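Peer 1: What follows is model15.txt, compact mmCIF, C-alpha atoms and all ligand atoms.
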```txt
# COMPACT_ATOMS: atom_id res chain seq x y z
CA MET J 18 -106.70 73.19 95.83
CA ARG J 19 -104.83 70.96 93.36
CA THR J 20 -102.14 68.79 94.90
CA LEU J 21 -99.59 66.46 93.35
CA VAL J 22 -97.78 63.79 95.37
CA VAL J 23 -94.46 62.70 93.88
CA TYR J 24 -92.53 59.88 95.50
CA TYR J 25 -89.50 57.66 95.36
CA SER J 26 -89.38 54.39 97.26
CA ARG J 27 -87.05 51.40 97.12
CA LYS J 28 -88.60 49.05 99.65
CA GLY J 29 -92.19 50.29 99.66
CA SER J 30 -92.66 52.30 102.86
CA ASN J 31 -92.52 55.67 101.14
CA ARG J 32 -94.75 54.40 98.34
CA PHE J 33 -97.29 53.33 100.97
CA LEU J 34 -97.02 56.68 102.76
CA ALA J 35 -97.28 58.64 99.50
CA HIS J 36 -100.51 56.83 98.64
CA LYS J 37 -101.90 57.57 102.12
CA VAL J 38 -101.08 61.27 101.75
CA ALA J 39 -102.53 61.38 98.24
CA GLY J 40 -105.68 59.60 99.41
CA GLY J 41 -106.13 62.01 102.33
CA LEU J 42 -105.78 65.06 100.07
CA SER J 43 -107.51 63.66 96.97
CA ALA J 44 -104.26 64.39 95.16
CA ASP J 45 -102.75 63.11 91.94
CA ILE J 46 -99.76 60.86 92.44
CA GLU J 47 -96.66 59.95 90.45
CA ARG J 48 -93.51 57.91 91.03
CA ILE J 49 -90.06 59.39 90.41
CA ARG J 50 -88.22 57.23 87.90
CA PRO J 51 -84.44 57.53 87.85
CA TRP J 52 -82.85 56.80 84.46
CA ILE J 53 -80.94 54.01 86.11
CA ASN J 54 -82.34 52.65 89.35
CA VAL J 55 -79.44 50.73 90.78
CA PHE J 56 -78.76 51.11 94.50
CA LEU J 57 -75.09 50.27 94.06
CA LEU J 58 -74.69 53.46 92.03
CA PHE J 59 -75.84 55.49 95.02
CA LEU J 60 -73.12 53.92 97.12
CA LEU J 61 -70.63 54.78 94.36
CA LYS J 62 -72.05 58.34 94.30
CA ILE J 63 -73.05 58.00 90.63
CA HIS J 64 -76.40 59.50 89.65
CA LEU J 65 -77.68 59.93 86.10
CA GLY J 66 -80.79 61.96 86.88
CA ILE J 67 -84.51 61.22 86.62
CA ARG J 68 -87.02 60.84 83.80
CA PRO J 69 -89.41 63.78 83.30
CA ILE J 70 -92.59 63.49 85.33
CA ARG J 71 -95.86 63.12 83.42
CA HIS J 72 -97.86 65.65 85.44
CA LYS J 73 -97.28 69.37 85.04
CA ALA J 74 -95.89 70.62 88.36
CA GLU J 75 -96.87 74.21 87.52
CA SER J 76 -100.56 73.22 87.32
CA TYR J 77 -100.64 72.37 91.04
CA ASP J 78 -101.02 74.59 94.11
CA LYS J 79 -98.84 72.22 96.13
CA VAL J 80 -96.40 69.44 95.41
CA ILE J 81 -95.73 66.88 98.13
CA LEU J 82 -92.41 65.08 97.78
CA VAL J 83 -92.14 61.76 99.61
CA GLY J 84 -89.03 59.59 99.89
CA PRO J 85 -86.50 57.88 102.16
CA ILE J 86 -83.27 59.08 103.72
CA TRP J 87 -80.04 57.16 103.19
CA MET J 88 -76.81 57.83 105.03
CA GLY J 89 -78.15 61.12 106.39
CA ARG J 90 -78.50 62.51 102.85
CA LEU J 91 -81.14 63.93 100.58
CA ILE J 92 -81.06 61.02 98.14
CA PRO J 93 -80.17 61.69 94.47
CA PRO J 94 -83.63 61.05 92.90
CA LEU J 95 -85.25 63.52 95.35
CA ARG J 96 -82.49 66.08 94.89
CA SER J 97 -82.77 65.77 91.09
CA PHE J 98 -86.52 66.24 91.29
CA LEU J 99 -86.18 69.43 93.35
CA ASN J 100 -83.45 70.89 91.18
CA LYS J 101 -85.34 70.06 88.00
CA TYR J 102 -88.76 71.35 89.06
CA LYS J 103 -88.13 74.00 91.73
CA GLU J 104 -88.94 76.89 89.39
CA ARG J 105 -92.27 75.29 88.42
CA ILE J 106 -93.33 74.31 91.94
CA ARG J 107 -95.45 76.85 93.80
CA GLU J 108 -95.34 75.23 97.24
CA LEU J 109 -93.49 72.16 98.39
CA VAL J 110 -94.09 69.83 101.33
CA PHE J 111 -91.41 67.24 102.08
CA VAL J 112 -92.40 63.99 103.77
CA THR J 113 -90.21 61.04 104.67
CA CYS J 114 -90.64 57.60 106.17
CA CYS J 115 -87.13 57.18 107.55
CA GLY J 116 -85.11 55.31 110.13
CA SER J 117 -84.17 58.22 112.37
CA THR J 118 -86.45 58.99 115.30
CA ASP J 119 -87.57 62.45 116.40
CA ALA J 120 -85.14 62.27 119.32
CA ARG J 121 -82.22 61.56 116.94
CA LYS J 122 -83.18 63.88 114.10
CA ASP J 123 -80.16 66.17 114.60
CA GLU J 124 -77.58 63.38 114.73
CA LYS J 125 -75.35 62.54 111.75
CA PHE J 126 -77.91 60.26 110.08
CA GLY J 127 -80.98 62.14 111.28
CA HIS J 128 -83.69 63.64 109.10
CA GLY J 129 -83.12 67.17 110.48
CA PHE J 130 -80.14 67.76 108.19
CA VAL J 131 -82.11 66.58 105.16
CA PHE J 132 -84.97 68.92 106.04
CA ARG J 133 -82.52 71.81 106.09
CA GLU J 134 -81.19 70.79 102.67
CA VAL J 135 -84.71 70.71 101.22
CA GLU J 136 -85.40 74.13 102.71
CA HIS J 137 -82.12 75.44 101.32
CA ILE J 138 -82.98 74.28 97.78
CA MET J 139 -86.61 75.43 97.86
CA GLY J 140 -86.38 78.55 100.07
CA ASP J 141 -89.77 80.00 101.02
CA LYS J 142 -91.55 77.57 98.71
CA CYS J 143 -90.96 74.79 101.25
CA THR J 144 -93.83 75.13 103.70
CA HIS J 145 -93.66 71.88 105.71
CA CYS J 146 -91.22 69.04 106.35
CA ARG J 147 -92.52 66.02 108.19
CA ALA J 148 -90.92 62.75 109.30
CA PHE J 149 -92.67 59.41 109.83
CA PRO J 150 -89.99 57.36 111.61
CA ILE J 151 -90.45 53.63 111.13
CA ASP J 152 -89.93 53.33 114.89
CA LEU J 153 -93.52 54.56 115.33
CA VAL J 154 -94.86 51.22 114.10
CA LEU J 155 -92.49 48.98 116.05
CA PRO J 156 -93.71 47.25 119.20
CA GLU J 157 -92.37 48.77 122.43
CA GLU J 158 -89.74 46.06 122.94
CA LYS J 159 -88.32 46.55 119.42
CA LYS J 160 -88.04 50.36 119.48
CA GLY J 161 -84.43 51.45 118.98
CA ASP J 162 -83.50 48.06 117.51
CA ASP J 163 -81.71 48.80 114.20
CA GLN J 164 -82.31 45.34 112.78
CA ALA J 165 -86.04 45.53 113.52
CA PHE J 166 -86.44 48.88 111.79
CA MET J 167 -84.55 47.75 108.67
CA GLN J 168 -86.86 44.73 108.38
CA THR J 169 -90.09 46.65 108.95
CA HIS J 170 -92.07 48.33 106.17
CA LEU J 171 -95.22 50.40 106.34
CA MET J 172 -98.37 48.47 105.46
CA ASP J 173 -102.05 48.44 106.35
CA GLU J 174 -101.44 46.01 109.23
CA ASN J 175 -99.02 48.32 111.12
CA PHE J 176 -100.22 51.76 110.03
CA ARG J 177 -102.21 52.66 113.12
CA GLY J 178 -101.92 54.62 116.38
CA GLU J 179 -99.34 57.39 116.56
CA ILE J 180 -98.25 57.20 112.91
CA GLN J 181 -101.85 57.44 111.72
CA ASP J 182 -102.45 60.43 114.03
CA ARG J 183 -99.36 62.05 112.56
CA LEU J 184 -100.67 61.57 109.03
CA GLU J 185 -104.06 63.02 109.92
CA ASP J 186 -102.35 65.99 111.57
CA LEU J 187 -100.21 66.58 108.45
CA ILE J 188 -103.19 66.39 106.12
CA ASP J 189 -105.07 68.82 108.30
CA LYS J 190 -102.12 71.24 108.36
CA ILE J 191 -101.63 71.08 104.59
CA ARG J 192 -105.31 71.72 103.97
CA THR J 193 -105.53 74.69 106.32
CA GLN J 194 -102.04 76.14 105.95
CA LYS J 195 -101.60 79.78 104.99
CA PRO J 196 -99.34 80.26 101.95
CA GLY J 197 -95.65 80.94 102.43
CA ARG J 198 -95.28 79.86 106.06
CA TYR J 199 -92.50 77.39 106.69
CA GLN J 200 -92.91 74.90 109.53
CA VAL J 201 -90.73 71.96 110.44
CA LEU J 202 -93.20 69.40 111.68
CA ASN J 203 -90.86 66.78 112.97
CA ASP J 204 -91.67 66.50 116.63
CA LYS J 205 -94.52 64.88 118.47
CA SER J 206 -96.32 68.14 119.13
CA GLY J 207 -96.51 68.67 115.37
CA VAL J 208 -95.68 72.37 115.76
C1 LIG M 1 -78.60 51.92 102.95
C2 LIG M 1 -79.61 52.60 103.82
C3 LIG M 1 -79.24 53.72 104.54
C4 LIG M 1 -80.16 54.36 105.37
N1 LIG M 1 -79.76 55.49 106.03
C5 LIG M 1 -80.66 56.17 106.79
C6 LIG M 1 -80.29 57.39 107.42
O1 LIG M 1 -79.16 57.85 107.34
N2 LIG M 1 -81.23 58.02 108.16
C7 LIG M 1 -82.49 57.55 108.28
O2 LIG M 1 -83.29 58.20 108.93
N3 LIG M 1 -82.87 56.40 107.69
C8 LIG M 1 -81.99 55.70 106.95
N4 LIG M 1 -82.35 54.54 106.33
C9 LIG M 1 -83.72 54.01 106.53
C10 LIG M 1 -84.65 54.37 105.40
O3 LIG M 1 -84.82 55.76 105.27
C11 LIG M 1 -86.00 53.71 105.72
O4 LIG M 1 -85.83 52.31 105.82
C12 LIG M 1 -87.06 54.02 104.68
O5 LIG M 1 -88.32 53.77 105.26
C13 LIG M 1 -86.98 53.19 103.42
O6 LIG M 1 -87.95 53.65 102.52
P1 LIG M 1 -88.56 52.77 101.35
O7 LIG M 1 -89.14 51.53 101.98
O8 LIG M 1 -89.57 53.65 100.74
O9 LIG M 1 -87.43 52.44 100.40
C14 LIG M 1 -81.47 53.87 105.50
C15 LIG M 1 -81.85 52.73 104.77
C16 LIG M 1 -80.94 52.10 103.94
C17 LIG M 1 -81.37 50.89 103.16
```
Since I need it in another form, could you write the structure as structure tokens?
Peer 2:
Amino acid sequence: MRTLVVYYSRKGSNRFLAHKVAGGLSADIERIRPWINVFLLFLLKIHLGIRPIRHKAESYDKVILVGPIWMGRLIPPLRSFLNKYKERIRELVFVTCCGSTDARKDEKFGHGFVFREVEHIMGDKCTHCRAFPIDLVLPEEKKGDDQAFMQTHLMDENFRGEIQDRLEDLIDKIRTQKPGRYQVLNDKSGV
């Protein structure tokens, strides 16, 4: 099975996660490069698209898209990637390291809405969506603390315990998954 991991990351957590996923699946990996990478433009709702990726999406059995969530939205570089390559992608898995927890996934800024957008764009080609809330690496006393999660980034020192189990579970599911079966893997049971 040939797998390509494609990611966008501003502060590094999704880059770290993308490399973990790629390592676990022996996948190729590539960064999404917007033509202009200025965060202010996102706030102004201006997006000029992304540069072409160097790998050929159609040569892969699966593409894994990894990136953050901002303001409860599928962010422009990820949306551009999906719209640009959806015809060439055979199967898509969407993975995010985000701020929203499993318990809050269906709130206004939760990842649940973004998962539904990805599924809407990709249809049956989207086989898994999986969240890695940053809360999973916070110490017990800091969980739910917005300031703590904004200042915390995934790294080797904190990537252990539940978040590591979640990654192993995802890798296992991707490896053994039957084609064409959509699963939202965003709760602790992983089902
Ligand atoms: C301006 C801004 C808005 C954000 N909005 C959301 C949100 O609506 N929902 C969410 O789950 N996380 C939100 N987050 C948290 C990011 O998804 C999270 O910090 C992510 O890990 C950052 O990824 P990166 O380090 O790869 O850039 C937001 C972060 C920023 C900076």
Peer 1: Hey, can you check how far CA of Phe149 in chain J sits from CA of Asp119 in chain J?
Peer 2: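 Separating CA of Phe149 in chain J from CA of Asp119 in chain J is a distance of 8.9 Å.
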Peer 1: Within 10 Å of ligand LIG 1 (chain M), which residues show up when you count all atoms listed in the file? List them as a PyMOL selection string, please.
Peer 2: chain J and resi 24-35+56-57+59-60+83-92+113-119+121-122+124-131+148-152+163+166-171
Peer 1: Need the shell around range 134-137 of chain J: protein/DNA/RNA residues with any atom at most 10 Å away, counting all atoms listed in the file. Skip same-chain ones fewer than 4 positions apart. Format as a ChimeraX atom specification?
Peer 2: /J:90-91,95-96,99,109-111,128-130,141-146,199,201
Peer 1: What is the distance between CA of Pro93 in chain J and CA of His72 in chain J, in Å to one decimal?
Peer 2: 20.3 Å
Peer 1: Find the spatial neighbours of range 106-108 of chain J, counting all atoms listed in the file, within a cut-off of 12 Å - ignore same-chain residues fewer than 5 positions away - and output them as a PyMOL selection string.
Peer 2: chain J and resi 18-23+72-82+98-101+136+138-146+191+194-199
Peer 1: Separation of CA of Arg71 in chain J and CA of Asp45 in chain J, in Å?
Peer 2: 11.0 Å
Peer 1: Do a neighbour search on Val154 in chain J at 7 Å with all atoms listed in the file, toss out local chain neighbours closer than 4 positions, and write the hits as a list in words.
Peer 2: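 The filter keeps Asn175, Phe176 and Ile180 of chain J.
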Peer 1: Could you give me, as a PyMOL selection string, the residues within 7 Å of Ile53 in chain J, counting only C-alpha atoms and dropping anything in the same chain fewer than 2 positions from it?
Peer 2: chain J and resi 51+55+65
